[in-house]
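Novice: Let me give you the structure first, and then I'll get to my questions.
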Amino acid sequence: MSSFLRPAIEGQDPLISGHVGHAYRPISSHLAIAPPVSVVIPAMNEAENLPYVFKTLPAWIHEVILVDGNSTDDTVQVARDLWPGIKVVKQRGKGKGDALISGFAACTGEIIVMVDADGSADGHEIVSYVSALVSGADFAKGSRFANGGGTDDMTPIRKLGNRVLCAVVNAKFGARYTDLCYGYNAFWRHCLDKIDLDCTGFEVETLMNIRVVKAGLRVQEIPSHEYVRIHGMSNLSAVRDGLRVLRVILKEQGKRRTGRRRPPAFAPGASRGEVS
């Protein structure tokens, strides 16, 4: 996968033709990219939160895909009002993993970004994820505990559980993660062929993190700040979801690696560690 970088030129059309026929999209005052970026947002009854989510999404995004988990509120209509041209995917199954898999299948961009619909993620950070990918990473992994990251929405017991499970994954799979159970990530679309997602629940994030390491993909952690959910109640359960994550870890440990592993890369300054 090749990508092309050059500075954005002031006063120039935002979508100018590249030397191989690609269009360049400025993502900052100093950087423009050719690869189109798709943002996948799984949502169920998040109509009140979507305005906060969409107002932070960069205008240069190629497409936004909302995976609707059979919402009973105005989630779909609000999304269409906020982002004309949005692609809406009706989720047929249940669970976050199932929603993400459905959303990924609908993407046409070369880069895919996962964003939660509860307002906890800052869309302005997407530029950091995309920059890491076009600079050589295969998988840009958000971390609340890398230098520069943070969280306003984790209880002490959840922090402890995340730390313990992260340490287990690092020890068992040779990773150097500082955060494990976080859903703000980005990756090249071709990575999906190598990680072959096959779980439906919240633990899909852990499964992705394990399989990118097993596949030998280049990982770069991106410091990210998690905010408190704006409206509604979270469905997370520290004990229940922790046990599901642990089961995924143990199951993956018994499987052969899908490729030769190479040391993951990390961000500068970070801790090691039906479509309508």
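Going through the structure tokens in order, the chains are called A, B, and so on, while each chain numbers its residues from 1 and the ligands are numbered from 1 in the order shown.
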Which residues, written as a list in words, have at least one atom at most 12 Å from Cys191 of chain A, with only C-alpha atoms counted and residues fewer than 2 positions away on the same chain left out?
Specialist: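 Close residues of Cys191 of chain A: Met1, Phe104, Glu110, Ile111, Ile112, Leu133, Ala137, Asp138, Phe139, Ala140, Ala186, Phe187, Trp188, Arg189, Asp193, Lys194, Ile195, Asp196, Leu197, Met208, Asn209, Arg211, Val212, Val213, Ala215, Gly216, Leu217, Arg218 and Val219 of chain A.
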Novice: Counting only C-alpha atoms, what is within 12 Å of segment 156-169 of chain A, bar same-chain residues fewer than 6 positions away, as number ranges by chain?
Specialist: A: 143-145, 150, 175-182, 203, 206-211, 213-214, 236-253, 272-273
Novice: Do you have the atom CA of Ile222 of chain A-atom CA of Ser120 of chain A distance handy?
Specialist: 15.7 Å
Novice: Need to verify the contact set: Asn49 of chain A, 8 Å, only C-alpha atoms, exclusion of same-chain residues closer than 3 positions in sequence. Can you return it as a VMD selection string?
Specialist: chain A and resid 46 52 to 53 117 to 119 230 to 231
Novice: Find the spatial neighbours of Thr200 of chain A, counting only C-alpha atoms, within a cut-off of 7 Å - ignore same-chain residues fewer than 5 positions away - and output them as a ChimeraX atom specification.
Specialist: /A:94-98
Novice: Have a look at atom CA of Ala79 of chain A and atom CA of Leu50 of chain A and let me know their distance in Å, one decimal.
Specialist: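 Distance between the two atoms: 6.8 Å.
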Novice: As a compact mmCIF listing (two decimals) with all heavy atoms, in the first residue's frame, please: every residue in segment 112-244 of chain A that DSSP puts in strand (DSSP E or B).
Specialist:
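The result, stored in states.txt:
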# COMPACT_ATOMS: atom_id res chain seq x y z
N ILE A 112 -9.55 3.14 7.62
CA ILE A 112 -10.78 3.02 8.39
C ILE A 112 -10.53 3.49 9.82
O ILE A 112 -9.54 3.08 10.44
CB ILE A 112 -11.29 1.56 8.41
CG1 ILE A 112 -11.60 1.09 6.98
CG2 ILE A 112 -12.53 1.43 9.30
CD1 ILE A 112 -12.00 -0.37 6.88
N VAL A 113 -11.40 4.32 10.33
CA VAL A 113 -11.31 4.82 11.70
C VAL A 113 -12.56 4.40 12.46
O VAL A 113 -13.67 4.55 11.96
CB VAL A 113 -11.18 6.36 11.75
CG1 VAL A 113 -10.98 6.85 13.18
CG2 VAL A 113 -10.03 6.84 10.86
N MET A 114 -12.36 3.84 13.66
CA MET A 114 -13.47 3.44 14.53
C MET A 114 -13.71 4.53 15.56
O MET A 114 -12.79 4.93 16.27
CB MET A 114 -13.11 2.15 15.28
CG MET A 114 -12.70 1.01 14.42
SD MET A 114 -11.69 -0.25 15.29
CE MET A 114 -12.59 -0.46 16.83
N PHE A 139 -1.49 -0.17 11.83
CA PHE A 139 -2.59 -0.07 12.79
C PHE A 139 -2.25 1.02 13.78
O PHE A 139 -1.21 0.97 14.45
CB PHE A 139 -2.75 -1.42 13.51
CG PHE A 139 -3.99 -1.54 14.35
CD1 PHE A 139 -5.19 -1.96 13.80
CD2 PHE A 139 -3.98 -1.25 15.71
CE1 PHE A 139 -6.34 -2.09 14.57
CE2 PHE A 139 -5.11 -1.38 16.49
CZ PHE A 139 -6.30 -1.81 15.92
N ALA A 140 -3.10 2.04 13.87
CA ALA A 140 -2.92 3.13 14.83
C ALA A 140 -3.87 2.89 15.99
O ALA A 140 -5.09 2.96 15.82
CB ALA A 140 -3.19 4.48 14.18
N LYS A 141 -3.29 2.59 17.14
CA LYS A 141 -4.08 2.15 18.30
C LYS A 141 -4.18 3.26 19.33
O LYS A 141 -3.18 3.72 19.86
CB LYS A 141 -3.42 0.92 18.92
CG LYS A 141 -4.14 0.37 20.12
CD LYS A 141 -3.31 -0.70 20.81
CE LYS A 141 -4.04 -1.19 22.05
NZ LYS A 141 -4.42 -0.10 22.96
N GLY A 142 -5.40 3.68 19.63
CA GLY A 142 -5.57 4.71 20.65
C GLY A 142 -5.21 4.19 22.02
O GLY A 142 -5.46 3.03 22.35
N SER A 143 -4.60 5.06 22.83
CA SER A 143 -4.24 4.69 24.20
C SER A 143 -4.53 5.84 25.14
O SER A 143 -4.06 6.96 24.94
CB SER A 143 -2.76 4.31 24.30
OG SER A 143 -2.40 4.10 25.66
N GLY A 150 -5.42 10.23 28.31
CA GLY A 150 -6.12 10.39 29.58
C GLY A 150 -7.55 9.87 29.48
O GLY A 150 -8.05 9.56 28.40
N THR A 151 -8.20 9.77 30.62
CA THR A 151 -9.59 9.34 30.64
C THR A 151 -10.34 9.99 31.78
O THR A 151 -9.80 10.18 32.87
CB THR A 151 -9.70 7.80 30.77
OG1 THR A 151 -11.09 7.43 30.84
CG2 THR A 151 -8.99 7.29 32.01
N ASN A 185 -9.60 3.44 17.25
CA ASN A 185 -8.46 2.92 16.49
C ASN A 185 -8.62 3.24 15.02
O ASN A 185 -9.71 3.60 14.56
CB ASN A 185 -8.36 1.40 16.67
CG ASN A 185 -8.24 0.97 18.11
OD1 ASN A 185 -7.30 1.31 18.80
ND2 ASN A 185 -9.24 0.22 18.59
N ALA A 186 -7.54 3.11 14.26
CA ALA A 186 -7.57 3.31 12.82
C ALA A 186 -6.59 2.34 12.17
O ALA A 186 -5.59 1.95 12.78
CB ALA A 186 -7.21 4.76 12.46
N PHE A 187 -6.88 1.99 10.92
CA PHE A 187 -6.02 1.02 10.25
C PHE A 187 -6.26 1.06 8.75
O PHE A 187 -7.29 1.57 8.28
CB PHE A 187 -6.29 -0.40 10.78
CG PHE A 187 -7.74 -0.80 10.77
CD1 PHE A 187 -8.30 -1.44 9.67
CD2 PHE A 187 -8.56 -0.51 11.85
CE1 PHE A 187 -9.63 -1.79 9.65
CE2 PHE A 187 -9.91 -0.86 11.84
CZ PHE A 187 -10.44 -1.50 10.74
N TRP A 188 -5.29 0.52 7.99
CA TRP A 188 -5.48 0.35 6.56
C TRP A 188 -6.49 -0.76 6.33
O TRP A 188 -6.47 -1.78 7.01
CB TRP A 188 -4.15 0.01 5.88
CG TRP A 188 -3.15 1.11 5.90
CD1 TRP A 188 -2.10 1.26 6.75
CD2 TRP A 188 -3.10 2.23 5.00
NE1 TRP A 188 -1.41 2.41 6.46
CE2 TRP A 188 -1.99 3.03 5.39
CE3 TRP A 188 -3.89 2.64 3.92
CZ2 TRP A 188 -1.64 4.20 4.73
CZ3 TRP A 188 -3.54 3.82 3.26
CH2 TRP A 188 -2.44 4.58 3.66
N VAL A 219 2.33 -1.56 14.61
CA VAL A 219 1.39 -0.87 15.48
C VAL A 219 2.02 0.40 16.03
O VAL A 219 3.17 0.39 16.47
CB VAL A 219 0.96 -1.77 16.66
CG1 VAL A 219 -0.04 -1.04 17.55
CG2 VAL A 219 0.36 -3.08 16.14
N GLN A 220 1.26 1.47 16.03
CA GLN A 220 1.71 2.71 16.66
C GLN A 220 0.62 3.19 17.61
O GLN A 220 -0.54 3.35 17.20
CB GLN A 220 2.01 3.80 15.63
CG GLN A 220 2.54 5.08 16.28
CD GLN A 220 3.15 6.02 15.27
OE1 GLN A 220 3.71 5.58 14.27
NE2 GLN A 220 3.06 7.31 15.53
N GLU A 221 0.96 3.38 18.85
CA GLU A 221 0.00 3.89 19.82
C GLU A 221 -0.17 5.40 19.65
O GLU A 221 0.82 6.13 19.45
CB GLU A 221 0.44 3.57 21.24
CG GLU A 221 0.17 2.14 21.65
CD GLU A 221 0.20 1.94 23.15
OE1 GLU A 221 0.89 2.72 23.83
OE2 GLU A 221 -0.46 1.01 23.65
N ILE A 222 -1.41 5.84 19.76
CA ILE A 222 -1.75 7.27 19.64
C ILE A 222 -2.34 7.73 20.97
O ILE A 222 -3.39 7.23 21.40
CB ILE A 222 -2.79 7.49 18.53
CG1 ILE A 222 -2.32 6.87 17.20
CG2 ILE A 222 -3.08 8.99 18.37
CD1 ILE A 222 -1.03 7.45 16.68
N PRO A 223 -1.69 8.67 21.66
CA PRO A 223 -2.28 9.19 22.91
C PRO A 223 -3.66 9.77 22.64
O PRO A 223 -3.85 10.57 21.73
CB PRO A 223 -1.28 10.27 23.34
CG PRO A 223 0.00 9.91 22.65
CD PRO A 223 -0.41 9.30 21.34
N HIS A 225 -7.56 11.07 24.54
CA HIS A 225 -8.29 11.41 25.77
C HIS A 225 -9.73 10.96 25.64
O HIS A 225 -10.43 11.32 24.69
CB HIS A 225 -8.25 12.91 26.05
CG HIS A 225 -8.71 13.25 27.43
ND1 HIS A 225 -7.83 13.49 28.47
CD2 HIS A 225 -9.96 13.37 27.95
CE1 HIS A 225 -8.52 13.73 29.57
NE2 HIS A 225 -9.82 13.67 29.29
N GLU A 226 -10.17 10.17 26.61
CA GLU A 226 -11.54 9.69 26.65
C GLU A 226 -12.37 10.56 27.58
O GLU A 226 -12.01 10.76 28.74
CB GLU A 226 -11.56 8.24 27.15
CG GLU A 226 -12.95 7.66 27.28
CD GLU A 226 -12.94 6.28 27.94
OE1 GLU A 226 -12.17 6.09 28.91
OE2 GLU A 226 -13.69 5.41 27.49
Novice: Taking only segment 145-209 of chain A into account, list the residues labelled helix (DSSP H, G or I) by DSSP (computed from the backbone), as number ranges by chain.
Specialist: A: 156-173, 189-195, 204-209
Novice: What does the structure give for the distance between atom CA of Thr72 of chain A and atom CA of Asn45 of chain A, in Å to one decimal?
Specialist: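 Atom-to-atom, atom CA of Thr72 of chain A to atom CA of Asn45 of chain A, that is 6.2 Å.
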Novice: Quick one: everything within 12 Å of Val88 of chain A, counting only C-alpha atoms, minus sequence neighbours fewer than 6 positions away in the same chain. Send it as a list of chain:residue names.
Specialist: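 So the residues in contact are A:Val39, A:Val40, A:Ile41, A:Pro42, A:Ala43, A:Glu63, A:Val64, A:Ile65, A:Leu66, A:Val67, A:Asp68, A:Gly69, A:Asn70, A:Thr75, A:Val76, A:Gln77, A:Val78, A:Ala79, A:Arg80, A:Ala99, A:Ser102, A:Gly103, A:Ala106, A:Cys107, A:Glu274, A:Val275, A:Ser276.
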Novice: Could you tell me which of A:Phe54, A:Trp60, A:Tyr184, A:Trp83 comes closest to Leu31 of chain A if we count only C-alpha atoms?
Specialist: A:Trp60
